[in-house]
file my_file_9.pdb (PDB, C-alpha atoms, pLDDT in the B column)
MODEL        1
ATOM      1  CA  MET P   1     116.230 100.951 119.588  1.00 43.00           C
ATOM      2  CA  GLY P   2     112.815 100.306 121.018  1.00 56.00           C
ATOM      3  CA  CYS P   3     111.049  97.053 121.612  1.00 62.00           C
ATOM      4  CA  LEU P   4     107.309  96.637 121.577  1.00 70.00           C
ATOM      5  CA  GLU P   5     107.552  93.713 123.998  1.00 73.00           C
ATOM      6  CA  SER P   6     108.587  96.118 126.769  1.00 75.00           C
ATOM      7  CA  LEU P   7     105.251  97.977 126.518  1.00 79.00           C
ATOM      8  CA  PRO P   8     101.878  97.022 128.053  1.00 86.00           C
ATOM      9  CA  TYR P   9     100.152  96.839 124.687  1.00 92.00           C
ATOM     10  CA  GLU P  10      97.059  95.343 123.102  1.00 95.00           C
ATOM     11  CA  VAL P  11      96.794  94.342 119.436  1.00 96.00           C
ATOM     12  CA  LEU P  12      93.566  95.710 117.948  1.00 97.00           C
ATOM     13  CA  MET P  13      94.149  94.519 114.372  1.00 96.00           C
ATOM     14  CA  SER P  14      96.911  92.416 112.858  1.00 96.00           C
ATOM     15  CA  LYS P  15      98.479  91.818 109.451  1.00 93.00           C
ATOM     16  CA  ILE P  16      96.643  94.699 107.801  1.00 95.00           C
ATOM     17  CA  SER P  17      97.834  97.168 105.161  1.00 93.00           C
ATOM     18  CA  PHE P  18      99.013 100.673 105.985  1.00 92.00           C
ATOM     19  CA  LYS P  19      95.899 102.032 104.229  1.00 92.00           C
ATOM     20  CA  GLU P  20      93.619  99.919 106.409  1.00 95.00           C
ATOM     21  CA  ALA P  21      95.421 101.227 109.494  1.00 96.00           C
ATOM     22  CA  ARG P  22      95.018 104.828 108.325  1.00 95.00           C
ATOM     23  CA  ASP P  23      91.311 104.319 107.530  1.00 95.00           C
ATOM     24  CA  PHE P  24      90.613 102.687 110.902  1.00 96.00           C
ATOM     25  CA  LEU P  25      92.371 105.435 112.856  1.00 97.00           C
ATOM     26  CA  SER P  26      90.554 108.147 110.903  1.00 95.00           C
ATOM     27  CA  LYS P  27      87.342 107.158 112.684  1.00 96.00           C
ATOM     28  CA  TYR P  28      88.616 108.445 116.028  1.00 97.00           C
ATOM     29  CA  PRO P  29      87.664 112.046 116.864  1.00 98.00           C
ATOM     30  CA  GLU P  30      91.133 112.864 118.234  1.00 97.00           C
ATOM     31  CA  LYS P  31      93.786 111.895 115.717  1.00 97.00           C
ATOM     32  CA  TYR P  32      97.133 113.213 114.568  1.00 97.00           C
ATOM     33  CA  ASP P  33      99.348 112.716 111.530  1.00 96.00           C
ATOM     34  CA  VAL P  34     103.010 112.047 112.182  1.00 96.00           C
ATOM     35  CA  GLN P  35     105.917 111.699 109.795  1.00 95.00           C
ATOM     36  CA  PRO P  36     107.770 108.432 109.083  1.00 96.00           C
ATOM     37  CA  GLY P  37     110.419 107.843 111.724  1.00 96.00           C
ATOM     38  CA  TYR P  38     108.463 109.713 114.425  1.00 96.00           C
ATOM     39  CA  ARG P  39     109.648 108.366 117.761  1.00 94.00           C
ATOM     40  CA  MET P  40     107.028 107.117 120.160  1.00 92.00           C
ATOM     41  CA  PHE P  41     107.632 104.836 123.163  1.00 91.00           C
ATOM     42  CA  ASP P  42     111.234 104.563 121.944  1.00 88.00           C
ATOM     43  CA  LEU P  43     110.010 103.113 118.632  1.00 92.00           C
ATOM     44  CA  ASN P  44     110.326 104.685 115.197  1.00 95.00           C
ATOM     45  CA  ILE P  45     106.992 104.649 113.415  1.00 96.00           C
ATOM     46  CA  ILE P  46     107.191 103.132 109.909  1.00 97.00           C
ATOM     47  CA  GLY P  47     104.732 103.992 107.172  1.00 96.00           C
ATOM     48  CA  VAL P  48     103.584 105.918 104.160  1.00 95.00           C
ATOM     49  CA  PRO P  49     102.799 109.520 105.116  1.00 92.00           C
ATOM     50  CA  PRO P  50     100.490 110.710 106.459  1.00 89.00           C
ATOM     51  CA  ILE P  51     100.780 108.189 109.285  1.00 96.00           C
ATOM     52  CA  ARG P  52      97.725 108.495 111.489  1.00 97.00           C
ATOM     53  CA  VAL P  53      97.735 107.894 115.249  1.00 97.00           C
ATOM     54  CA  ALA P  54      94.685 108.240 117.477  1.00 98.00           C
ATOM     55  CA  VAL P  55      93.979 109.160 121.084  1.00 97.00           C
ATOM     56  CA  ASP P  56      91.239 107.260 122.882  1.00 97.00           C
ATOM     57  CA  GLY P  57      90.931 108.476 126.468  1.00 96.00           C
ATOM     58  CA  GLU P  58      94.343 107.867 128.001  1.00 95.00           C
ATOM     59  CA  SER P  59      95.251 105.299 125.338  1.00 96.00           C
ATOM     60  CA  LEU P  60      97.272 105.850 122.219  1.00 97.00           C
ATOM     61  CA  ILE P  61      96.568 103.771 119.115  1.00 97.00           C
ATOM     62  CA  PHE P  62      99.193 103.605 116.374  1.00 97.00           C
ATOM     63  CA  PRO P  63     100.384 101.427 113.472  1.00 97.00           C
ATOM     64  CA  TYR P  64     103.357  99.163 114.043  1.00 95.00           C
ATOM     65  CA  THR P  65     104.899  97.583 110.956  1.00 96.00           C
ATOM     66  CA  LYS P  66     107.107  94.500 110.754  1.00 94.00           C
ATOM     67  CA  PRO P  67     108.730  93.425 107.458  1.00 95.00           C
ATOM     68  CA  CYS P  68     107.301  89.901 107.395  1.00 94.00           C
ATOM     69  CA  HIS P  69     103.974  90.392 109.159  1.00 93.00           C
ATOM     70  CA  GLY P  70     102.595  93.659 107.826  1.00 94.00           C
ATOM     71  CA  THR P  71     101.034  96.328 109.977  1.00 96.00           C
ATOM     72  CA  PHE P  72      99.483  95.887 113.428  1.00 96.00           C
ATOM     73  CA  LEU P  73      97.295  98.387 115.213  1.00 97.00           C
ATOM     74  CA  ILE P  74      98.571  98.734 118.751  1.00 96.00           C
ATOM     75  CA  ARG P  75      96.840 100.279 121.749  1.00 97.00           C
ATOM     76  CA  VAL P  76      98.966 101.404 124.683  1.00 95.00           C
ATOM     77  CA  GLN P  77      97.092 102.492 127.816  1.00 93.00           C
ATOM     78  CA  ASN P  78      98.181 105.230 130.249  1.00 92.00           C
ATOM     79  CA  ALA P  79     100.089 106.938 127.443  1.00 93.00           C
ATOM     80  CA  THR P  80      99.624 110.422 128.891  1.00 93.00           C
ATOM     81  CA  ASP P  81     103.191 111.625 128.233  1.00 94.00           C
ATOM     82  CA  GLU P  82     103.146 110.584 124.566  1.00 95.00           C
ATOM     83  CA  ILE P  83      99.638 112.022 124.130  1.00 96.00           C
ATOM     84  CA  ALA P  84     100.780 115.346 125.595  1.00 96.00           C
ATOM     85  CA  ARG P  85     103.741 115.377 123.214  1.00 95.00           C
ATOM     86  CA  LEU P  86     101.417 114.751 120.238  1.00 96.00           C
ATOM     87  CA  ARG P  87      99.053 117.535 121.288  1.00 95.00           C
ATOM     88  CA  LYS P  88     101.987 119.929 121.357  1.00 93.00           C
ATOM     89  CA  LEU P  89     102.742 119.103 117.704  1.00 86.00           C
ATOM     90  CA  VAL P  90      99.534 120.745 116.558  1.00 74.00           C
TER      91      VAL P  90
ATOM     92  CA  MET Q   1     143.440 122.957  94.976  1.00 48.00           C
ATOM     93  CA  SER Q   2     140.910 120.254  94.128  1.00 50.00           C
ATOM     94  CA  GLU Q   3     137.761 119.916  96.201  1.00 59.00           C
ATOM     95  CA  GLU Q   4     137.303 116.526  97.830  1.00 63.00           C
ATOM     96  CA  GLN Q   5     134.074 114.754  96.878  1.00 62.00           C
ATOM     97  CA  PRO Q   6     132.012 113.476  99.845  1.00 70.00           C
ATOM     98  CA  GLN Q   7     132.094 109.694 100.046  1.00 88.00           C
ATOM     99  CA  ARG Q   8     129.124 108.004  98.470  1.00 95.00           C
ATOM    100  CA  THR Q   9     127.246 105.726 100.896  1.00 97.00           C
ATOM    101  CA  ALA Q  10     124.599 103.402  99.486  1.00 98.00           C
ATOM    102  CA  LEU Q  11     121.982 101.815 101.735  1.00 98.00           C
ATOM    103  CA  LEU Q  12     120.476  98.498 100.659  1.00 98.00           C
ATOM    104  CA  VAL Q  13     117.309  97.738 102.614  1.00 98.00           C
ATOM    105  CA  MET Q  14     116.104  94.159 102.708  1.00 98.00           C
ATOM    106  CA  GLY Q  15     112.489  93.284 103.312  1.00 95.00           C
ATOM    107  CA  CYS Q  16     111.134  89.995 104.600  1.00 95.00           C
ATOM    108  CA  PRO Q  17     113.470  87.308 103.196  1.00 96.00           C
ATOM    109  CA  LYS Q  18     110.580  85.005 102.249  1.00 95.00           C
ATOM    110  CA  VAL Q  19     111.025  85.423  98.469  1.00 97.00           C
ATOM    111  CA  PRO Q  20     114.231  83.753  97.210  1.00 96.00           C
ATOM    112  CA  VAL Q  21     115.356  86.363  94.649  1.00 98.00           C
ATOM    113  CA  GLN Q  22     115.928  89.030  97.293  1.00 98.00           C
ATOM    114  CA  THR Q  23     119.105  87.622  98.882  1.00 97.00           C
ATOM    115  CA  SER Q  24     120.668  86.940  95.496  1.00 97.00           C
ATOM    116  CA  LEU Q  25     119.894  90.436  94.183  1.00 98.00           C
ATOM    117  CA  VAL Q  26     121.118  92.160  97.333  1.00 98.00           C
ATOM    118  CA  LEU Q  27     124.400  90.238  97.154  1.00 98.00           C
ATOM    119  CA  TYR Q  28     124.769  91.140  93.490  1.00 98.00           C
ATOM    120  CA  LEU Q  29     124.036  94.840  93.982  1.00 98.00           C
ATOM    121  CA  ALA Q  30     126.293  95.010  97.059  1.00 98.00           C
ATOM    122  CA  HIS Q  31     129.079  93.348  95.067  1.00 97.00           C
ATOM    123  CA  ARG Q  32     128.781  95.832  92.191  1.00 98.00           C
ATOM    124  CA  MET Q  33     128.723  98.759  94.609  1.00 97.00           C
ATOM    125  CA  LYS Q  34     131.729  97.455  96.525  1.00 97.00           C
ATOM    126  CA  LYS Q  35     133.678  96.922  93.292  1.00 96.00           C
ATOM    127  CA  ALA Q  36     132.922 100.534  92.342  1.00 97.00           C
ATOM    128  CA  GLY Q  37     134.402 101.728  95.659  1.00 96.00           C
ATOM    129  CA  ILE Q  38     131.062 102.804  97.134  1.00 97.00           C
ATOM    130  CA  ARG Q  39     130.538 102.362 100.875  1.00 97.00           C
ATOM    131  CA  THR Q  40     127.606  99.942 101.048  1.00 97.00           C
ATOM    132  CA  ILE Q  41     125.433  99.232 104.068  1.00 98.00           C
ATOM    133  CA  ILE Q  42     122.946  96.357 104.052  1.00 98.00           C
ATOM    134  CA  ALA Q  43     120.078  96.751 106.520  1.00 98.00           C
ATOM    135  CA  GLY Q  44     117.727  93.897 107.271  1.00 98.00           C
ATOM    136  CA  THR Q  45     116.000  91.736 109.815  1.00 97.00           C
ATOM    137  CA  PRO Q  46     118.152  89.183 111.686  1.00 97.00           C
ATOM    138  CA  SER Q  47     117.034  86.402 109.307  1.00 97.00           C
ATOM    139  CA  ALA Q  48     117.686  88.464 106.194  1.00 97.00           C
ATOM    140  CA  ARG Q  49     121.170  89.328 107.456  1.00 98.00           C
ATOM    141  CA  GLN Q  50     121.932  85.700 108.307  1.00 97.00           C
ATOM    142  CA  LEU Q  51     121.074  84.675 104.746  1.00 98.00           C
ATOM    143  CA  ILE Q  52     123.648  87.167 103.484  1.00 98.00           C
ATOM    144  CA  ARG Q  53     126.223  86.230 106.138  1.00 97.00           C
ATOM    145  CA  VAL Q  54     125.985  82.519 105.351  1.00 97.00           C
ATOM    146  CA  ALA Q  55     126.201  83.136 101.599  1.00 97.00           C
ATOM    147  CA  ASP Q  56     129.185  85.499 101.943  1.00 97.00           C
ATOM    148  CA  PRO Q  57     131.002  84.427 105.125  1.00 97.00           C
ATOM    149  CA  ASP Q  58     134.251  86.214 104.319  1.00 97.00           C
ATOM    150  CA  GLY Q  59     132.599  89.413 103.118  1.00 96.00           C
ATOM    151  CA  HIS Q  60     133.836  89.141  99.536  1.00 97.00           C
ATOM    152  CA  TYR Q  61     130.674  90.786  98.198  1.00 96.00           C
ATOM    153  CA  THR Q  62     129.435  92.785 101.140  1.00 96.00           C
ATOM    154  CA  MET Q  63     130.749  95.476 103.460  1.00 94.00           C
ATOM    155  CA  GLU Q  64     128.663  96.596 106.454  1.00 97.00           C
ATOM    156  CA  MET Q  65     125.443  95.073 107.731  1.00 97.00           C
ATOM    157  CA  LYS Q  66     123.068  96.680 110.219  1.00 98.00           C
ATOM    158  CA  ASP Q  67     119.816  95.867 111.934  1.00 97.00           C
ATOM    159  CA  LEU Q  68     116.856  97.339 110.060  1.00 97.00           C
ATOM    160  CA  ASP Q  69     115.162  99.033 113.030  1.00 95.00           C
ATOM    161  CA  ALA Q  70     118.490 100.378 114.306  1.00 96.00           C
ATOM    162  CA  THR Q  71     119.187 101.813 110.846  1.00 98.00           C
ATOM    163  CA  ILE Q  72     115.816 103.586 110.791  1.00 97.00           C
ATOM    164  CA  ALA Q  73     116.566 104.987 114.252  1.00 96.00           C
ATOM    165  CA  SER Q  74     120.033 106.187 113.149  1.00 97.00           C
ATOM    166  CA  LEU Q  75     118.599 107.867 110.057  1.00 97.00           C
ATOM    167  CA  SER Q  76     115.828 109.585 112.039  1.00 96.00           C
ATOM    168  CA  GLN Q  77     118.285 110.853 114.656  1.00 94.00           C
ATOM    169  CA  GLY Q  78     120.731 112.115 112.035  1.00 95.00           C
ATOM    170  CA  GLU Q  79     123.460 109.698 113.112  1.00 97.00           C
ATOM    171  CA  LEU Q  80     123.601 108.062 109.683  1.00 97.00           C
ATOM    172  CA  THR Q  81     123.602 109.828 106.330  1.00 96.00           C
ATOM    173  CA  VAL Q  82     123.338 107.984 103.033  1.00 97.00           C
ATOM    174  CA  THR Q  83     123.595 109.311  99.497  1.00 97.00           C
ATOM    175  CA  ASP Q  84     121.357 106.765  97.794  1.00 97.00           C
ATOM    176  CA  SER Q  85     119.093 103.925  98.899  1.00 98.00           C
ATOM    177  CA  TYR Q  86     117.801 100.700  97.343  1.00 98.00           C
ATOM    178  CA  VAL Q  87     114.777  99.202  99.047  1.00 98.00           C
ATOM    179  CA  PHE Q  88     113.734  95.632  98.220  1.00 98.00           C
ATOM    180  CA  VAL Q  89     109.962  95.247  98.396  1.00 98.00           C
ATOM    181  CA  HIS Q  90     107.539  92.384  97.862  1.00 97.00           C
ATOM    182  CA  ASN Q  91     104.710  93.224 100.265  1.00 96.00           C
ATOM    183  CA  ASP Q  92     102.742  96.075 101.817  1.00 96.00           C
ATOM    184  CA  ALA Q  93     105.150  96.384 104.744  1.00 97.00           C
ATOM    185  CA  GLY Q  94     107.987  96.875 102.272  1.00 97.00           C
ATOM    186  CA  VAL Q  95     106.158  99.862 100.788  1.00 97.00           C
ATOM    187  CA  SER Q  96     105.932 101.365 104.282  1.00 97.00           C
ATOM    188  CA  TYR Q  97     109.657 100.878 104.829  1.00 98.00           C
ATOM    189  CA  ALA Q  98     110.472 102.349 101.408  1.00 98.00           C
ATOM    190  CA  ALA Q  99     108.355 105.447 102.119  1.00 97.00           C
ATOM    191  CA  THR Q 100     110.080 105.816 105.491  1.00 97.00           C
ATOM    192  CA  ILE Q 101     113.556 105.566 103.937  1.00 98.00           C
ATOM    193  CA  GLN Q 102     112.580 108.076 101.254  1.00 97.00           C
ATOM    194  CA  PHE Q 103     111.304 110.524 103.872  1.00 97.00           C
ATOM    195  CA  LEU Q 104     114.279 110.145 106.224  1.00 97.00           C
ATOM    196  CA  THR Q 105     117.120 110.250 103.694  1.00 96.00           C
ATOM    197  CA  GLU Q 106     115.879 113.015 101.361  1.00 88.00           C
ATOM    198  CA  ASN Q 107     118.198 111.496  98.758  1.00 95.00           C
ATOM    199  CA  PRO Q 108     117.423 109.322  95.708  1.00 97.00           C
ATOM    200  CA  VAL Q 109     115.617 106.078  96.489  1.00 98.00           C
ATOM    201  CA  THR Q 110     115.237 103.135  94.130  1.00 98.00           C
ATOM    202  CA  VAL Q 111     112.528 100.628  94.999  1.00 98.00           C
ATOM    203  CA  ILE Q 112     113.160  97.139  93.630  1.00 98.00           C
ATOM    204  CA  ILE Q 113     109.858  95.289  93.567  1.00 98.00           C
ATOM    205  CA  PHE Q 114     109.630  91.533  93.088  1.00 98.00           C
ATOM    206  CA  GLY Q 115     107.362  88.610  93.944  1.00 97.00           C
ATOM    207  CA  GLU Q 116     103.998  87.503  92.618  1.00 96.00           C
ATOM    208  CA  GLU Q 117     102.266  90.777  93.492  1.00 95.00           C
ATOM    209  CA  ALA Q 118     104.908  93.056  91.985  1.00 97.00           C
ATOM    210  CA  GLU Q 119     102.473  94.839  89.677  1.00 96.00           C
ATOM    211  CA  GLN Q 120      99.947  95.542  92.434  1.00 95.00           C
ATOM    212  CA  ILE Q 121     102.687  96.646  94.840  1.00 96.00           C
ATOM    213  CA  SER Q 122     104.018  99.063  92.181  1.00 96.00           C
ATOM    214  CA  LEU Q 123     100.640 100.806  92.131  1.00 96.00           C
ATOM    215  CA  GLU Q 124     100.876 101.459  95.879  1.00 94.00           C
ATOM    216  CA  ILE Q 125     104.041 103.546  95.469  1.00 96.00           C
ATOM    217  CA  THR Q 126     102.892 107.162  95.549  1.00 93.00           C
ATOM    218  CA  PHE Q 127     106.080 108.817  96.778  1.00 94.00           C
ATOM    219  CA  SER Q 128     109.018 110.059  94.732  1.00 95.00           C
ATOM    220  CA  CYS Q 129     111.410 107.237  93.800  1.00 97.00           C
ATOM    221  CA  LYS Q 130     112.710 105.177  90.921  1.00 97.00           C
ATOM    222  CA  ILE Q 131     110.939 101.832  90.501  1.00 98.00           C
ATOM    223  CA  ILE Q 132     112.435  98.633  89.121  1.00 98.00           C
ATOM    224  CA  ALA Q 133     109.772  95.929  89.113  1.00 97.00           C
ATOM    225  CA  GLU Q 134     109.380  92.366  87.889  1.00 97.00           C
ATOM    226  CA  SER Q 135     107.177  89.539  89.127  1.00 96.00           C
ATOM    227  CA  ALA Q 136     110.212  87.344  89.841  1.00 96.00           C
ATOM    228  CA  THR Q 137     110.187  84.913  92.758  1.00 96.00           C
ATOM    229  CA  HIS Q 138     112.833  82.214  92.128  1.00 97.00           C
ATOM    230  CA  ASN Q 139     114.767  83.401  89.084  1.00 97.00           C
ATOM    231  CA  PRO Q 140     116.632  86.683  89.655  1.00 97.00           C
ATOM    232  CA  MET Q 141     117.867  87.134  86.063  1.00 98.00           C
ATOM    233  CA  SER Q 142     115.179  89.553  84.811  1.00 97.00           C
ATOM    234  CA  LEU Q 143     115.730  91.884  87.768  1.00 97.00           C
ATOM    235  CA  LYS Q 144     119.492  91.460  87.567  1.00 97.00           C
ATOM    236  CA  ASN Q 145     119.293  92.585  83.939  1.00 98.00           C
ATOM    237  CA  LYS Q 146     117.205  95.612  84.927  1.00 97.00           C
ATOM    238  CA  LEU Q 147     119.766  96.491  87.578  1.00 97.00           C
ATOM    239  CA  GLU Q 148     122.466  96.224  84.909  1.00 96.00           C
ATOM    240  CA  GLU Q 149     120.511  98.650  82.709  1.00 96.00           C
ATOM    241  CA  ALA Q 150     120.128 101.099  85.593  1.00 96.00           C
ATOM    242  CA  ALA Q 151     123.789 100.578  86.638  1.00 96.00           C
ATOM    243  CA  PRO Q 152     123.568 102.624  89.854  1.00 96.00           C
ATOM    244  CA  TRP Q 153     127.213 101.763  90.606  1.00 96.00           C
ATOM    245  CA  ASP Q 154     128.209 103.932  87.613  1.00 94.00           C
ATOM    246  CA  ALA Q 155     126.149 106.959  88.629  1.00 79.00           C
TER     247      ALA Q 155
ENDMDL
END

call {"tool": "encode", "arguments": {"input": "my_file_9.pdb", "output": "C-alpha cells"}}
result
Amino acid sequence: MGCLESLPYEVLMSKISFKEARDFLSKYPEKYDVQPGYRMFDLNIIGVPPIRVAVDGESLIFPYTKPCHGTFLIRVQNATDEIARLRKLV
Amino acid sequence: MSEEQPQRTALLVMGCPKVPVQTSLVLYLAHRMKKAGIRTIIAGTPSARQLIRVADPDGHYTMEMKDLDATIASLSQGELTVTDSYVFVHNDAGVSYAATIQFLTENPVTVIIFGEEAEQISLEITFSCKIIAESATHNPMSLKNKLEEAAPWDA
C-alpha cells in the first residue's frame, strides 16, 4: 500500500470535488484518463471515471482522494518514470 | 454429482465515520450477512474500523475487517474477489470510492447514501449500481427499514 507522505509532493488544491479536479486538469495540454485503481507512485487512484491526470513538464498532477477530506490535487516533480508509463498507455 | 456453489463474499465499505448512522448500519448489515452464512469483509479507515471494533469487541456481529486503501489495492491487483459490495456514502469522496469499487469488482454494488446531502449525492451517481438513500444522520431506522426491504442477505 502506498503512502503519499513518502513522496515529494505539493498540494495545488484541497478539499475539492472529483468534478472540480477533472475540470482543472482538463486545462493542461498533456492529459490522460486513467481507470479507477490505476497504480501510480505505489498509490491506487480513486475516482469516478474518467479520472484525469496531467503532465506539466517533468511534473505529474493527479487527484488524491481521502474519505474524510475529499479530493486533493497533487503535483509530484521529477515524475519521469510515471509520465513515461502514462504515455505508453495511449 | 452436485456442483459446489462458489462462496459468496460481501464487501462493506465504510466512508468517513463522521455521520453517526453509518457505524450502526454497517454493524446491522454485517450481522445479517453473517447470520446468513455469507463471508463479510468490512473495509474502512482506521477510525471507522475502531468504531466497529469497540462496538463489537468479540466479533459477534462482524467477521473480517480490512484497511480501506489496502482493500482497494487487493481488488486492483486481483488478490481479492468479492461477489457483492455495499458502499456507505455521505460525501463526494464516498462517490469516488463507490465508483472505484464498482469498476474494480465488476459485480453488483449497492450504494447506501445518508446524511444531510443525501439527495444531492444521489444525483452524482452516474455509474451502474443500486441506490438506497435517505437523509438520515442520527436515526438509522429509515435506512434500516430500506435495507430490510432490499434484504441482500436473502439474495

call {"tool": "closest_atom_pairs", "arguments": {"input": "my_file_9.pdb", "of": "chain Q", "to": "chain P", "cutoff": "12 Å", "atoms": "all atoms listed in the file", "output": "JSON lines"}}
result
{"residue": "Q:Val13", "atom": "CA", "partner": "P:Pro67", "partner_atom": "CA", "distance": 10.8}
{"residue": "Q:Met14", "atom": "CA", "partner": "P:Pro67", "partner_atom": "CA", "distance": 8.8}
{"residue": "Q:Gly15", "atom": "CA", "partner": "P:Pro67", "partner_atom": "CA", "distance": 5.6}
{"residue": "Q:Cys16", "atom": "CA", "partner": "P:Cys68", "partner_atom": "CA", "distance": 4.7}
{"residue": "Q:Pro17", "atom": "CA", "partner": "P:Cys68", "partner_atom": "CA", "distance": 7.9}
{"residue": "Q:Lys18", "atom": "CA", "partner": "P:Cys68", "partner_atom": "CA", "distance": 7.8}
{"residue": "Q:Val19", "atom": "CA", "partner": "P:Cys68", "partner_atom": "CA", "distance": 10.7}
{"residue": "Q:Ala43", "atom": "CA", "partner": "P:Pro67", "partner_atom": "CA", "distance": 11.9}
{"residue": "Q:Gly44", "atom": "CA", "partner": "P:Pro67", "partner_atom": "CA", "distance": 9.0}
{"residue": "Q:Thr45", "atom": "CA", "partner": "P:Pro67", "partner_atom": "CA", "distance": 7.8}
{"residue": "Q:Pro46", "atom": "CA", "partner": "P:Pro67", "partner_atom": "CA", "distance": 11.2}
{"residue": "Q:Ser47", "atom": "CA", "partner": "P:Cys68", "partner_atom": "CA", "distance": 10.5}
{"residue": "Q:Ala48", "atom": "CA", "partner": "P:Pro67", "partner_atom": "CA", "distance": 10.3}
{"residue": "Q:Asp67", "atom": "CA", "partner": "P:Met1", "partner_atom": "CA", "distance": 9.9}
{"residue": "Q:Leu68", "atom": "CA", "partner": "P:Pro67", "partner_atom": "CA", "distance": 9.4}
{"residue": "Q:Asp69", "atom": "CA", "partner": "P:Met1", "partner_atom": "CA", "distance": 6.9}
{"residue": "Q:Ala70", "atom": "CA", "partner": "P:Met1", "partner_atom": "CA", "distance": 5.8}
{"residue": "Q:Thr71", "atom": "CA", "partner": "P:Met1", "partner_atom": "CA", "distance": 9.3}
{"residue": "Q:Ile72", "atom": "CA", "partner": "P:Gly37", "partner_atom": "CA", "distance": 6.9}
{"residue": "Q:Ala73", "atom": "CA", "partner": "P:Asn44", "partner_atom": "CA", "distance": 6.3}
{"residue": "Q:Ser74", "atom": "CA", "partner": "P:Met1", "partner_atom": "CA", "distance": 9.1}
{"residue": "Q:Leu75", "atom": "CA", "partner": "P:Gly37", "partner_atom": "CA", "distance": 8.3}
{"residue": "Q:Ser76", "atom": "CA", "partner": "P:Gly37", "partner_atom": "CA", "distance": 5.7}
{"residue": "Q:Gln77", "atom": "CA", "partner": "P:Gly37", "partner_atom": "CA", "distance": 8.9}
{"residue": "Q:Gly78", "atom": "CA", "partner": "P:Gly37", "partner_atom": "CA", "distance": 11.2}
{"residue": "Q:Val87", "atom": "CA", "partner": "P:Pro67", "partner_atom": "CA", "distance": 11.9}
{"residue": "Q:Phe88", "atom": "CA", "partner": "P:Pro67", "partner_atom": "CA", "distance": 10.7}
{"residue": "Q:Val89", "atom": "CA", "partner": "P:Pro67", "partner_atom": "CA", "distance": 9.3}
{"residue": "Q:His90", "atom": "CA", "partner": "P:Pro67", "partner_atom": "CA", "distance": 9.7}
{"residue": "Q:Asn91", "atom": "CA", "partner": "P:Gly70", "partner_atom": "CA", "distance": 7.9}
{"residue": "Q:Asp92", "atom": "CA", "partner": "P:Ser17", "partner_atom": "CA", "distance": 6.0}
{"residue": "Q:Ala93", "atom": "CA", "partner": "P:Gly70", "partner_atom": "CA", "distance": 4.8}
{"residue": "Q:Gly94", "atom": "CA", "partner": "P:Pro67", "partner_atom": "CA", "distance": 6.3}
{"residue": "Q:Val95", "atom": "CA", "partner": "P:Val48", "partner_atom": "CA", "distance": 7.4}
{"residue": "Q:Ser96", "atom": "CA", "partner": "P:Gly47", "partner_atom": "CA", "distance": 4.1}
{"residue": "Q:Tyr97", "atom": "CA", "partner": "P:Ile46", "partner_atom": "CA", "distance": 6.1}
{"residue": "Q:Ala98", "atom": "CA", "partner": "P:Val48", "partner_atom": "CA", "distance": 8.2}
{"residue": "Q:Ala99", "atom": "CA", "partner": "P:Val48", "partner_atom": "CA", "distance": 5.2}
{"residue": "Q:Thr100", "atom": "CA", "partner": "P:Pro36", "partner_atom": "CA", "distance": 5.0}
{"residue": "Q:Ile101", "atom": "CA", "partner": "P:Pro36", "partner_atom": "CA", "distance": 8.3}
{"residue": "Q:Gln102", "atom": "CA", "partner": "P:Pro36", "partner_atom": "CA", "distance": 9.2}
{"residue": "Q:Phe103", "atom": "CA", "partner": "P:Pro36", "partner_atom": "CA", "distance": 6.6}
{"residue": "Q:Leu104", "atom": "CA", "partner": "P:Gly37", "partner_atom": "CA", "distance": 7.1}
{"residue": "Q:Thr105", "atom": "CA", "partner": "P:Gly37", "partner_atom": "CA", "distance": 10.7}
{"residue": "Q:Ile121", "atom": "CA", "partner": "P:Ser17", "partner_atom": "CA", "distance": 11.4}
{"residue": "Q:Glu124", "atom": "CA", "partner": "P:Lys19", "partner_atom": "CA", "distance": 9.7}
{"residue": "Q:Ile125", "atom": "CA", "partner": "P:Val48", "partner_atom": "CA", "distance": 9.0}
{"residue": "Q:Thr126", "atom": "CA", "partner": "P:Val48", "partner_atom": "CA", "distance": 8.7}
{"residue": "Q:Phe127", "atom": "CA", "partner": "P:Val48", "partner_atom": "CA", "distance": 8.3}
{"residue": "Q:Ser128", "atom": "CA", "partner": "P:Val48", "partner_atom": "CA", "distance": 11.6}

call {"tool": "residues_around", "arguments": {"input": "my_file_9.pdb", "residues": "region 144-149 of chain Q", "least_positions_apart": "2", "cutoff": "12 Å", "atoms": "only C-alpha atoms", "output": "number ranges by chain"}}
result
Q: 21-30, 32-33, 86, 110-114, 130-134, 136, 139-142, 151-155

call {"tool": "atom_distance", "arguments": {"input": "my_file_9.pdb", "atom1": "CA of Met65 (chain Q)", "atom2": "CA of Ile74 (chain P)"}}
result
29.3 Å

call {"tool": "atom_distance", "arguments": {"input": "my_file_9.pdb", "atom1": "CA of Pro6 (chain Q)", "atom2": "CA of Ala150 (chain Q)"}}
result
22.3 Å

call {"tool": "resolve_selection", "arguments": {"input": "my_file_9.pdb", "expression": "the PyMOL selection byres ((chain P and resi 79) around 10)", "output": "number ranges by chain"}}
result
P: 41, 55-61, 75-78, 80-84

call {"tool": "closest_residue", "arguments": {"input": "my_file_9.pdb", "among": "Q:Ile52, Q:Ile42, Q:Ser122, Q:Ala36", "to": "Pro20 (chain Q)", "atoms": "only C-alpha atoms"}}
result
Q:Ile52

call {"tool": "atom_distance", "arguments": {"input": "my_file_9.pdb", "atom1": "CA of Asp84 (chain Q)", "atom2": "CA of Arg49 (chain Q)"}}
result
19.9 Å

call {"tool": "closest_residue", "arguments": {"input": "my_file_9.pdb", "among": "Q:Val82, Q:Ala55, Q:Met63, Q:Ala118", "to": "Ala10 (chain Q)", "atoms": "only C-alpha atoms"}}
result
Q:Val82

call {"tool": "resolve_selection", "arguments": {"input": "my_file_9.pdb", "expression": "the PyMOL selection byres ((chain P and resi 63) around 6)", "output": "list in words"}}
result
Phe62, Tyr64, Phe72 and Leu73 of chain P

call {"tool": "closest_residue", "arguments": {"input": "my_file_9.pdb", "among": "P:Ser14, P:Leu4, P:Val53, P:Arg85", "to": "Tyr32 (chain P)", "atoms": "all atoms listed in the file"}}
result
P:Val53

call {"tool": "closest_residue", "arguments": {"input": "my_file_9.pdb", "among": "P:Lys27, P:Asp33, P:Lys88, P:Met40", "to": "Leu7 (chain P)", "atoms": "all atoms listed in the file"}}
result
P:Met40
